[in-house]
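Structure below is final.pdb: PDB, C-alpha atoms.
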```pdb
ATOM      1  CA  MET A  70      11.450  22.819  -8.272
ATOM      2  CA  ALA A  71      10.508  26.496  -8.354
ATOM      3  CA  HIS A  72       7.010  27.343  -9.485
ATOM      4  CA  ASP A  73       5.188  30.576 -10.122
ATOM      5  CA  THR A  74       2.658  30.070  -7.352
ATOM      6  CA  GLU A  75       0.574  33.009  -8.545
ATOM      7  CA  ARG A  76      -0.677  30.899 -11.398
ATOM      8  CA  LEU A  77      -0.026  27.162 -11.663
ATOM      9  CA  SER A  78       0.140  25.244 -14.915
ATOM     10  CA  CYS A  79      -1.622  21.869 -15.035
ATOM     11  CA  LYS A  80       1.768  20.201 -14.824
ATOM     12  CA  ALA A  81       2.693  22.115 -11.665
ATOM     13  CA  PHE A  82      -0.769  21.504 -10.236
ATOM     14  CA  ILE A  83      -0.351  17.751 -10.597
ATOM     15  CA  GLU A  84       3.089  17.901  -8.986
ATOM     16  CA  PHE A  85       1.493  19.469  -5.923
ATOM     17  CA  ILE A  86      -1.322  16.922  -5.531
ATOM     18  CA  ASP A  87       0.416  14.754  -2.948
ATOM     19  CA  ASP A  88       1.302  17.781  -0.818
ATOM     20  CA  TYR A  89      -2.336  18.830  -1.062
ATOM     21  CA  LEU A  90      -3.575  15.410   0.049
ATOM     22  CA  ALA A  91      -1.028  15.321   2.871
ATOM     23  CA  GLY A  92      -1.995  18.828   3.972
ATOM     24  CA  THR A  93       1.594  20.012   3.661
ATOM     25  CA  GLN A  94       1.207  22.756   1.046
ATOM     26  CA  ASP A  95       2.376  26.178   2.157
ATOM     27  CA  ALA A  96      -0.218  28.936   2.072
ATOM     28  CA  ALA A  97       0.852  30.467  -1.251
ATOM     29  CA  VAL A  98       0.881  27.119  -3.041
ATOM     30  CA  HIS A  99      -2.441  26.129  -1.492
ATOM     31  CA  LYS A 100      -4.062  29.340  -2.713
ATOM     32  CA  ALA A 101      -2.726  28.860  -6.238
ATOM     33  CA  PHE A 102      -3.715  25.172  -6.157
ATOM     34  CA  GLN A 103      -7.295  26.030  -5.187
ATOM     35  CA  ALA A 104      -7.479  28.757  -7.811
ATOM     36  CA  HIS A 105      -6.278  26.355 -10.485
ATOM     37  CA  VAL A 106      -8.684  23.553  -9.611
ATOM     38  CA  GLU A 107     -11.598  25.995  -9.644
ATOM     39  CA  SER A 108     -10.721  27.221 -13.121
ATOM     40  CA  CYS A 109      -9.531  23.993 -14.763
ATOM     41  CA  PRO A 110     -12.125  21.180 -15.036
ATOM     42  CA  CYS A 111      -9.513  18.778 -16.414
ATOM     43  CA  CYS A 112      -7.366  19.132 -13.308
ATOM     44  CA  GLY A 113     -10.397  18.974 -11.057
ATOM     45  CA  CYS A 114     -11.255  15.673 -12.674
ATOM     46  CA  TYR A 115      -7.636  14.524 -12.490
ATOM     47  CA  LEU A 116      -7.573  15.244  -8.757
ATOM     48  CA  GLU A 117     -10.843  13.388  -8.174
ATOM     49  CA  HIS A 118      -9.609  10.335 -10.067
ATOM     50  CA  TYR A 119      -6.261  10.444  -8.289
ATOM     51  CA  LYS A 120      -8.066  10.330  -4.949
ATOM     52  CA  LYS A 121     -10.365   7.560  -6.182
ATOM     53  CA  THR A 122      -7.331   5.555  -7.281
ATOM     54  CA  ILE A 123      -5.830   5.669  -3.795
ATOM     55  CA  ASP A 124      -9.192   4.862  -2.245
ATOM     56  CA  ALA A 125      -9.893   1.970  -4.611
ATOM     57  CA  ALA A 126      -6.440   0.456  -4.049
ATOM     58  CA  LYS A 127      -6.922   0.651  -0.317
ATOM     59  CA  ARG A 128     -10.433  -0.774  -0.319
ATOM     60  CA  CYS A 129      -9.605  -3.617  -2.698
ATOM     61  CA  CYS A 130      -6.366  -4.741  -1.051
ATOM     62  CA  CYS A 131      -7.134  -4.186   2.585
ATOM     63  CA  ASN A 132     -10.806  -4.687   3.220
ATOM     64  CA  ARG A 133     -11.981  -5.336   6.745
ATOM     65  CA  ARG A 134     -14.823  -7.415   5.349
ATOM     66  CA  ASP A 135     -12.398  -9.874   3.770
ATOM     67  CA  PRO A 136     -11.944 -13.055   5.779
ATOM     68  CA  MET A 137      -8.582 -13.379   7.467
ATOM     69  CA  PRO A 138      -6.376 -16.200   6.204
ATOM     70  CA  GLU A 139      -6.533 -19.364   8.255
ATOM     71  CA  ILE A 140      -3.213 -20.306   9.755
ATOM     72  CA  PRO A 141      -2.604 -24.059   9.740
ATOM     73  CA  ASP A 142      -1.594 -25.617  13.028
ATOM     74  CA  HIS A 143       1.640 -26.930  11.546
ATOM     75  CA  LEU A 144       2.728 -23.357  10.808
ATOM     76  CA  ILE A 145       1.842 -22.218  14.341
ATOM     77  CA  ASP A 146       3.799 -25.184  15.696
ATOM     78  CA  ALA A 147       6.774 -24.425  13.439
ATOM     79  CA  ILE A 148       6.851 -20.812  14.625
ATOM     80  CA  LEU A 149       6.677 -21.827  18.278
ATOM     81  CA  GLU A 150       9.386 -24.446  17.777
ATOM     82  CA  ALA A 151      11.559 -21.868  16.042
ATOM     83  CA  ARG A 152      11.250 -19.713  19.141
ATOM     84  CA  GLU A 153      13.431 -22.172  21.025
ATOM     85  CA  GLN A 154      16.177 -21.620  18.461
ATOM     86  CA  ALA A 155      15.719 -17.853  18.347
TER      87      ALA A 155
ATOM     88  CA  MET B 280      -1.032   1.369   9.900
ATOM     89  CA  ALA B 281      -3.698  -0.639   8.164
ATOM     90  CA  GLU B 282      -5.344  -3.555   9.955
ATOM     91  CA  ALA B 283      -2.776  -4.557  12.520
ATOM     92  CA  ALA B 284      -3.587  -1.602  14.767
ATOM     93  CA  ASP B 285      -6.987  -3.114  15.461
ATOM     94  CA  ILE B 286      -5.638  -6.365  16.841
ATOM     95  CA  GLN B 287      -6.354  -6.833  20.506
ATOM     96  CA  PRO B 288      -5.276  -9.749  22.636
ATOM     97  CA  SER B 289      -8.586 -11.457  23.275
ATOM     98  CA  THR B 290      -7.998 -13.892  26.086
ATOM     99  CA  PHE B 291      -4.655 -13.010  27.633
ATOM    100  CA  GLY B 292      -5.813  -9.887  29.346
ATOM    101  CA  ASP B 293      -7.368  -6.648  28.333
ATOM    102  CA  ASP B 294      -4.231  -4.923  27.163
ATOM    103  CA  GLU B 295      -0.894  -5.688  25.630
ATOM    104  CA  ALA B 296       0.997  -5.055  28.870
ATOM    105  CA  GLU B 297      -0.053  -8.361  30.383
ATOM    106  CA  LEU B 298       0.831 -10.253  27.245
ATOM    107  CA  LEU B 299       4.169  -8.497  27.028
ATOM    108  CA  ALA B 300       4.940  -9.334  30.643
ATOM    109  CA  GLY B 301       4.185 -12.986  29.899
ATOM    110  CA  LEU B 302       6.430 -12.964  26.857
ATOM    111  CA  ARG B 303       9.275 -11.379  28.753
ATOM    112  CA  ALA B 304       8.834 -13.970  31.524
ATOM    113  CA  GLY B 305       9.165 -16.739  28.920
ATOM    114  CA  ASP B 306       5.600 -17.958  29.443
ATOM    115  CA  ASN B 307       4.812 -20.533  26.754
ATOM    116  CA  ALA B 308       1.115 -19.694  26.870
ATOM    117  CA  ALA B 309       1.912 -16.062  26.153
ATOM    118  CA  TYR B 310       3.975 -17.019  23.116
ATOM    119  CA  GLU B 311       1.263 -19.295  21.796
ATOM    120  CA  HIS B 312      -1.338 -16.605  22.362
ATOM    121  CA  LEU B 313       0.815 -14.058  20.544
ATOM    122  CA  VAL B 314       1.291 -16.323  17.529
ATOM    123  CA  ARG B 315      -2.316 -17.495  17.325
ATOM    124  CA  THR B 316      -3.781 -14.019  17.825
ATOM    125  CA  TYR B 317      -1.582 -12.029  15.499
ATOM    126  CA  SER B 318      -0.776 -14.554  12.756
ATOM    127  CA  PRO B 319      -3.932 -14.187  10.613
ATOM    128  CA  ARG B 320      -3.616 -10.438  10.118
ATOM    129  CA  LEU B 321       0.152 -10.584   9.755
ATOM    130  CA  MET B 322      -0.267 -13.348   7.175
ATOM    131  CA  ALA B 323      -2.730 -11.127   5.309
ATOM    132  CA  VAL B 324      -0.021  -8.451   5.180
ATOM    133  CA  ALA B 325       2.624 -10.912   3.933
ATOM    134  CA  LYS B 326       0.252 -12.178   1.250
ATOM    135  CA  ARG B 327      -0.230  -8.667  -0.080
ATOM    136  CA  PHE B 328       3.489  -8.470  -0.794
ATOM    137  CA  LEU B 329       4.265 -12.051  -1.764
ATOM    138  CA  ARG B 330       2.486 -13.807  -4.570
ATOM    139  CA  ASP B 331       3.424 -17.275  -3.382
ATOM    140  CA  GLU B 332       1.585 -18.790  -0.410
ATOM    141  CA  GLN B 333       4.660 -20.600   0.880
ATOM    142  CA  ASP B 334       6.753 -17.430   0.630
ATOM    143  CA  ALA B 335       4.139 -15.628   2.717
ATOM    144  CA  ALA B 336       4.216 -18.413   5.318
ATOM    145  CA  ASP B 337       8.025 -18.221   5.387
ATOM    146  CA  ALA B 338       7.887 -14.444   5.814
ATOM    147  CA  LEU B 339       5.442 -14.850   8.695
ATOM    148  CA  GLN B 340       7.731 -17.346  10.391
ATOM    149  CA  ASP B 341      10.795 -15.150   9.798
ATOM    150  CA  ALA B 342       8.908 -12.190  11.244
ATOM    151  CA  PHE B 343       8.010 -14.002  14.461
ATOM    152  CA  ILE B 344      11.565 -15.325  14.887
ATOM    153  CA  ASN B 345      12.832 -11.772  14.444
ATOM    154  CA  ALA B 346      10.284 -10.519  16.958
ATOM    155  CA  PHE B 347      11.218 -13.191  19.526
ATOM    156  CA  ARG B 348      14.890 -12.280  19.178
ATOM    157  CA  ASN B 349      14.238  -8.583  19.611
ATOM    158  CA  LEU B 350      11.548  -8.611  22.254
ATOM    159  CA  ASP B 351      13.862  -6.907  24.737
ATOM    160  CA  LYS B 352      14.207  -3.990  22.301
ATOM    161  CA  PHE B 353      10.467  -3.433  22.039
ATOM    162  CA  ASN B 354       9.537   0.028  23.249
ATOM    163  CA  GLU B 355       6.597  -0.301  25.600
ATOM    164  CA  GLN B 356       5.326   3.092  24.527
ATOM    165  CA  ALA B 357       4.597   1.574  21.109
ATOM    166  CA  ARG B 358       1.891  -0.931  20.283
ATOM    167  CA  LEU B 359       2.845  -4.554  19.891
ATOM    168  CA  SER B 360       0.642  -4.803  16.823
ATOM    169  CA  THR B 361       2.372  -1.836  15.158
ATOM    170  CA  TRP B 362       5.790  -3.301  15.934
ATOM    171  CA  LEU B 363       4.835  -6.738  14.554
ATOM    172  CA  HIS B 364       3.310  -5.139  11.479
ATOM    173  CA  ARG B 365       6.560  -3.391  10.616
ATOM    174  CA  ILE B 366       8.534  -6.603  11.229
ATOM    175  CA  VAL B 367       6.357  -8.677   8.901
ATOM    176  CA  VAL B 368       6.512  -5.976   6.210
ATOM    177  CA  ASN B 369      10.288  -6.012   6.495
ATOM    178  CA  ALA B 370      10.380  -9.825   6.340
ATOM    179  CA  SER B 371       8.161  -9.730   3.232
ATOM    180  CA  LEU B 372      10.386  -7.171   1.516
ATOM    181  CA  THR B 373      13.449  -9.271   2.344
ATOM    182  CA  LYS B 374      11.755 -12.304   0.856
ATOM    183  CA  LEU B 375      10.853 -10.330  -2.264
ATOM    184  CA  ARG B 376      14.449  -9.211  -2.731
ATOM    185  CA  LYS B 377      15.705 -12.781  -2.346
ATOM    186  CA  ALA B 378      13.158 -14.025  -4.870
ATOM    187  CA  GLY B 379      14.534 -11.609  -7.457
ATOM    188  CA  ARG B 380      12.843  -8.684  -9.088
ATOM    189  CA  ARG B 381      10.754  -8.795 -12.213
ATOM    190  CA  SER B 382      12.287  -6.946 -15.117
ATOM    191  CA  GLU B 383      11.646  -3.246 -14.873
ATOM    192  CA  VAL B 384       9.292  -1.673 -17.364
ATOM    193  CA  SER B 385       8.998   2.050 -17.934
ATOM    194  CA  ILE B 386       5.815   3.653 -16.682
ATOM    195  CA  ASP B 387       6.416   6.874 -18.620
ATOM    196  CA  GLY B 388       3.562   6.101 -20.997
ATOM    197  CA  LEU B 389       1.157   5.924 -18.061
ATOM    198  CA  LEU B 390       2.012   9.388 -16.808
ATOM    199  CA  PRO B 391      -0.040  12.388 -17.932
ATOM    200  CA  ALA B 392       1.005  14.171 -21.106
ATOM    201  CA  PHE B 393       1.194  17.957 -21.279
ATOM    202  CA  THR B 394       1.147  20.508 -24.018
ATOM    203  CA  ALA B 395       4.146  22.807 -24.497
ATOM    204  CA  ASP B 396       2.595  25.421 -22.209
ATOM    205  CA  GLY B 397       2.068  22.917 -19.374
ATOM    206  CA  HIS B 398      -1.630  22.113 -19.814
ATOM    207  CA  LEU B 399      -2.999  18.586 -19.663
ATOM    208  CA  ALA B 400      -2.952  17.208 -23.194
ATOM    209  CA  SER B 401      -6.138  15.193 -22.789
ATOM    210  CA  SER B 402      -9.132  14.842 -20.522
ATOM    211  CA  ASN B 403      -9.642  11.993 -18.082
ATOM    212  CA  PRO B 404     -12.039   9.180 -18.951
ATOM    213  CA  ALA B 405     -15.027   9.024 -16.621
ATOM    214  CA  TRP B 406     -14.985   6.317 -13.953
ATOM    215  CA  GLY B 407     -18.739   5.882 -13.708
ATOM    216  CA  ILE B 408     -18.301   3.892 -10.512
ATOM    217  CA  THR B 409     -17.172   4.664  -6.993
ATOM    218  CA  PRO B 410     -14.281   2.972  -5.179
ATOM    219  CA  ASP B 411     -16.837   1.570  -2.747
ATOM    220  CA  GLU B 412     -18.807  -0.029  -5.579
ATOM    221  CA  ILE B 413     -15.579  -1.460  -6.973
ATOM    222  CA  ALA B 414     -14.638  -2.913  -3.605
ATOM    223  CA  GLN B 415     -18.028  -4.591  -3.237
ATOM    224  CA  ASP B 416     -17.695  -6.449  -6.521
ATOM    225  CA  ARG B 417     -15.371  -9.443  -6.365
ATOM    226  CA  GLU B 418     -14.436  -9.289 -10.050
ATOM    227  CA  ARG B 419     -13.750  -5.561 -10.088
ATOM    228  CA  LYS B 420     -11.804  -5.873  -6.865
ATOM    229  CA  SER B 421      -9.681  -8.478  -8.536
ATOM    230  CA  TRP B 422      -9.050  -6.101 -11.474
ATOM    231  CA  VAL B 423      -7.740  -3.461  -9.123
ATOM    232  CA  ARG B 424      -5.364  -5.948  -7.543
ATOM    233  CA  GLU B 425      -4.252  -7.067 -10.984
ATOM    234  CA  GLN B 426      -3.499  -3.487 -12.006
ATOM    235  CA  ILE B 427      -1.343  -3.014  -8.907
ATOM    236  CA  GLU B 428       0.479  -6.223  -9.804
ATOM    237  CA  ARG B 429       1.118  -4.865 -13.310
ATOM    238  CA  LEU B 430       3.163  -2.013 -11.916
ATOM    239  CA  PRO B 431       6.934  -2.460 -11.930
ATOM    240  CA  ASP B 432       8.139  -3.823  -8.570
ATOM    241  CA  ASP B 433       9.453  -0.535  -7.171
ATOM    242  CA  TYR B 434       6.140   1.188  -7.871
ATOM    243  CA  ARG B 435       4.000  -1.711  -6.688
ATOM    244  CA  ASP B 436       5.939  -1.870  -3.428
ATOM    245  CA  ILE B 437       5.606   1.844  -2.738
ATOM    246  CA  ILE B 438       1.820   1.684  -3.264
ATOM    247  CA  LEU B 439       1.627  -1.268  -0.885
ATOM    248  CA  LEU B 440       3.762   0.391   1.764
ATOM    249  CA  ARG B 441       2.283   3.890   1.683
ATOM    250  CA  ASP B 442      -1.306   3.470   0.547
ATOM    251  CA  ILE B 443      -2.213  -0.043   1.668
ATOM    252  CA  GLU B 444      -0.085  -0.620   4.774
ATOM    253  CA  GLU B 445      -0.234   3.110   5.595
ATOM    254  CA  MET B 446       3.394   3.404   6.609
ATOM    255  CA  ASP B 447       4.649   6.972   6.744
ATOM    256  CA  THR B 448       7.233   8.434   4.397
ATOM    257  CA  ALA B 449      10.152   8.125   6.827
ATOM    258  CA  GLU B 450       9.335   4.504   7.718
ATOM    259  CA  THR B 451       8.977   3.630   4.052
ATOM    260  CA  ALA B 452      12.295   5.286   3.232
ATOM    261  CA  ASP B 453      13.944   3.341   6.029
ATOM    262  CA  LEU B 454      12.469   0.008   4.921
ATOM    263  CA  LEU B 455      13.427   0.549   1.284
ATOM    264  CA  GLY B 456      16.802   2.146   1.968
ATOM    265  CA  ILE B 457      16.018   5.239  -0.083
ATOM    266  CA  SER B 458      15.594   8.933   0.744
ATOM    267  CA  THR B 459      12.262  10.423   1.776
ATOM    268  CA  GLY B 460      12.416  12.542  -1.371
ATOM    269  CA  ALA B 461      12.740   9.406  -3.476
ATOM    270  CA  VAL B 462       9.757   7.872  -1.653
ATOM    271  CA  LYS B 463       7.617  10.916  -2.473
ATOM    272  CA  THR B 464       8.655  11.013  -6.119
ATOM    273  CA  ARG B 465       8.183   7.275  -6.595
ATOM    274  CA  LEU B 466       4.803   7.301  -4.849
ATOM    275  CA  HIS B 467       3.523  10.141  -7.012
ATOM    276  CA  ARG B 468       4.577   8.365 -10.189
ATOM    277  CA  ALA B 469       3.135   5.068  -8.937
ATOM    278  CA  ARG B 470      -0.237   6.633  -8.114
ATOM    279  CA  GLN B 471      -0.392   8.348 -11.505
ATOM    280  CA  ALA B 472       0.469   5.101 -13.287
ATOM    281  CA  LEU B 473      -2.071   3.124 -11.277
ATOM    282  CA  LYS B 474      -4.704   5.757 -12.016
ATOM    283  CA  ALA B 475      -4.079   5.310 -15.751
ATOM    284  CA  LEU B 476      -4.198   1.516 -15.446
ATOM    285  CA  LEU B 477      -7.446   1.596 -13.466
ATOM    286  CA  GLU B 478      -9.026   3.969 -15.954
ATOM    287  CA  GLU B 479      -8.069   1.635 -18.744
ATOM    288  CA  ALA B 480      -9.408  -1.414 -16.892
ATOM    289  CA  LEU B 481     -12.623   0.353 -15.912
ATOM    290  CA  SER B 482     -13.314   1.628 -19.407
ATOM    291  CA  THR B 483     -12.583  -1.795 -20.889
ATOM    292  CA  HIS B 484     -14.363  -4.015 -18.397
ATOM    293  CA  ALA B 485     -16.645  -2.077 -16.122
ATOM    294  CA  GLY B 486     -19.153  -0.689 -18.544
ATOM    295  CA  ASN B 487     -17.737   2.813 -18.532
ATOM    296  CA  HIS B 488     -19.606   4.595 -21.286
ATOM    297  CA  GLY B 489     -18.145   8.059 -20.991
ATOM    298  CA  GLY B 490     -14.996   9.994 -21.738
ATOM    299  CA  ALA B 491     -12.036   9.752 -24.017
ATOM    300  CA  SER B 492      -9.090   7.510 -23.383
ATOM    301  CA  GLN B 493      -6.132   9.204 -21.754
ATOM    302  CA  SER B 494      -3.385   9.929 -24.222
ATOM    303  CA  GLY B 495      -0.843   7.150 -24.461
ATOM    304  CA  THR B 496      -2.503   5.026 -21.827
ATOM    305  CA  THR B 497      -3.904   2.095 -23.725
ATOM    306  CA  SER B 498      -0.893   0.997 -25.708
ATOM    307  CA  ASP B 499       1.558   1.467 -22.852
ATOM    308  CA  ALA B 500      -0.681  -0.197 -20.295
ATOM    309  CA  THR B 501      -1.020  -3.169 -22.580
ATOM    310  CA  SER B 502       2.728  -3.454 -22.972
ATOM    311  CA  LEU B 503       3.128  -3.403 -19.199
ATOM    312  CA  GLY B 504       1.056  -6.527 -18.876
ATOM    313  CA  GLY B 505       2.407  -8.251 -21.940
ATOM    314  CA  GLY B 506       5.344 -10.503 -21.276
ATOM    315  CA  GLU B 507       7.854  -7.941 -20.111
ATOM    316  CA  ASN B 508       7.272  -8.642 -16.445
TER     317      ASN B 508
END
```

Just give me the structure of the file as structure tokens.
Amino acid sequence: MAHDTERLSCKAFIEFIDDYLAGTQDAAVHKAFQAHVESCPCCGCYLEHYKKTIDAAKRCCCNRRDPMPEIPDHLIDAILEAREQA
Amino acid sequence: MAEAADIQPSTFGDDEAELLAGLRAGDNAAYEHLVRTYSPRLMAVAKRFLRDEQDAADALQDAFINAFRNLDKFNEQARLSTWLHRIVVNASLTKLRKAGRRSEVSIDGLLPAFTADGHLASSNPAWGITPDEIAQDRERKSWVREQIERLPDDYRDIILLRDIEEMDTAETADLLGISTGAVKTRLHRARQALKALLEEALSTHAGNHGGASQSGTTSDATSLGGGEN
């Protein structure tokens, strides 16, 4: 989609968030993105919450502090037996 | 990749090369070591995709059988843990497809609304809590997982693949059989929808005292969780 990168609307800004987070914005878009976030508190907040959402999902679903599931011996045995048929 | 990259064979040598040599030589001890060492973290991955414990166990078994069959195709430049991680993700997705998808629900109401001139139509409610604080609280952590589960399957899966399992766009596209462009679009929509769901959950349950509700969020989020899935 073509955008006027001189001045982004909030809608265009939000469309570019993933490119921003991935570090794949081209220079013109990055400049317009930064200018927008500095002048639009709503989008600044939106960006912060978007990042927090990704962070929270990651931390809550894949936490190194969580105990690993215990694997019952019968499942280990079944996998090793299945190897002979593989 | 998420956790699997940290797995190290603990007793079969200091690196994967020795284990791999044992596997390729058909050494039973090497196979048992592989299964015992890698199963817990691979099971954790399967359980993130599959709601049913037995389905996760089946996916784990399917993944190892697939790995045994394709051991000769393993590229030694790669890490065994990375290779096994991708295989168990694929086995979990296959299991999900066989189990049938939940009915799809539109997430349009969870996406931001804009005025005619392209400005955000409403402000974001304050979170009042950091992701780290959420992750340290068992109940709040459970809410986050529940919100991910409320997403329609295609959106839930893309969050799991990209943000939780940390697979790249090309890998995700390959696993899902869609274009990289479709992965990017779906991920962006999924993250926006999850953001709205988390904001709703946080403002309802987590003692969030600030900010206005995002336009359209509450009613649509409720309908997502209410009997349509």

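Taking atom CA of Trp362 of chain B and atom CA of Arg133 of chain A as the two end points, the separation is 20.1 Å.
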
Any chance you could work out the residue set of the PyMOL selection byres ((chain A) within 10 of (chain B)) here, as a PyMOL selection string?
chain A and resi 77-88+109-115+118-142+144-155

Taking the file above as input, evaluate the PyMOL selection byres ((chain B and resi 369) around 12) and report the hits as an NGL selection string.
:B and (321 or 324-325 or 328-329 or 338-339 or 341-343 or 345-346 or 362-368 or 370-376 or 436 or 440 or 444 or 446 or 450-456)

Among the residues B:Ala335, B:Leu299, B:Ala469, B:Val384, the one that comes closest to Lys352 of chain B [using only C-alpha atoms]:
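For Lys352 of chain B, the nearest of the given residues is B:Leu299.
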
Rounded to one decimal in Å, what is the spacing between atom CA of Glu428 of chain B and atom CA of Ala449 of chain B?
24.0 Å

Atom CA of Arg429 of chain B to atom CA of Glu479 of chain B, straight-line distance in Å
12.5 Å

As lines of an AutoDock Vina configuration file: centre and edge lengths in Å, one decimal, of the axis-aligned box holding segment 374-388 of chain B with 3 Å per side:
```
center_x = 9.6
center_y = -3.6
center_z = -10.1
size_x = 18.1
size_y = 26.9
size_z = 27.9
```

Target residues per the PyMOL selection byres ((chain A and resi 99) around 12), formatted as a short mmCIF file (atom, residue, chain, number, x, y, z; two decimals) with C-alpha atoms, in the frame of the given file:
```
data_model
loop_
_atom_site.label_atom_id
_atom_site.label_comp_id
_atom_site.auth_asym_id
_atom_site.auth_seq_id
_atom_site.Cartn_x
_atom_site.Cartn_y
_atom_site.Cartn_z
CA THR A 74 2.66 30.07 -7.35
CA GLU A 75 0.57 33.01 -8.54
CA ARG A 76 -0.68 30.90 -11.40
CA LEU A 77 -0.03 27.16 -11.66
CA PHE A 82 -0.77 21.50 -10.24
CA PHE A 85 1.49 19.47 -5.92
CA ILE A 86 -1.32 16.92 -5.53
CA ASP A 87 0.42 14.75 -2.95
CA ASP A 88 1.30 17.78 -0.82
CA TYR A 89 -2.34 18.83 -1.06
CA LEU A 90 -3.58 15.41 0.05
CA ALA A 91 -1.03 15.32 2.87
CA GLY A 92 -2.00 18.83 3.97
CA THR A 93 1.59 20.01 3.66
CA GLN A 94 1.21 22.76 1.05
CA ASP A 95 2.38 26.18 2.16
CA ALA A 96 -0.22 28.94 2.07
CA ALA A 97 0.85 30.47 -1.25
CA VAL A 98 0.88 27.12 -3.04
CA LYS A 100 -4.06 29.34 -2.71
CA ALA A 101 -2.73 28.86 -6.24
CA PHE A 102 -3.72 25.17 -6.16
CA GLN A 103 -7.30 26.03 -5.19
CA ALA A 104 -7.48 28.76 -7.81
CA HIS A 105 -6.28 26.36 -10.48
CA VAL A 106 -8.68 23.55 -9.61
#
```

In the coordinates of the file, take the point (8.8, -8.5, -9.6) and a cut-off of 9 Å; then, counting all atoms listed in the file, name each qualifying protein, DNA or RNA residue as an NGL selection string.
:B and (375-376 or 378-383 or 428 or 430-433 or 435 or 508)
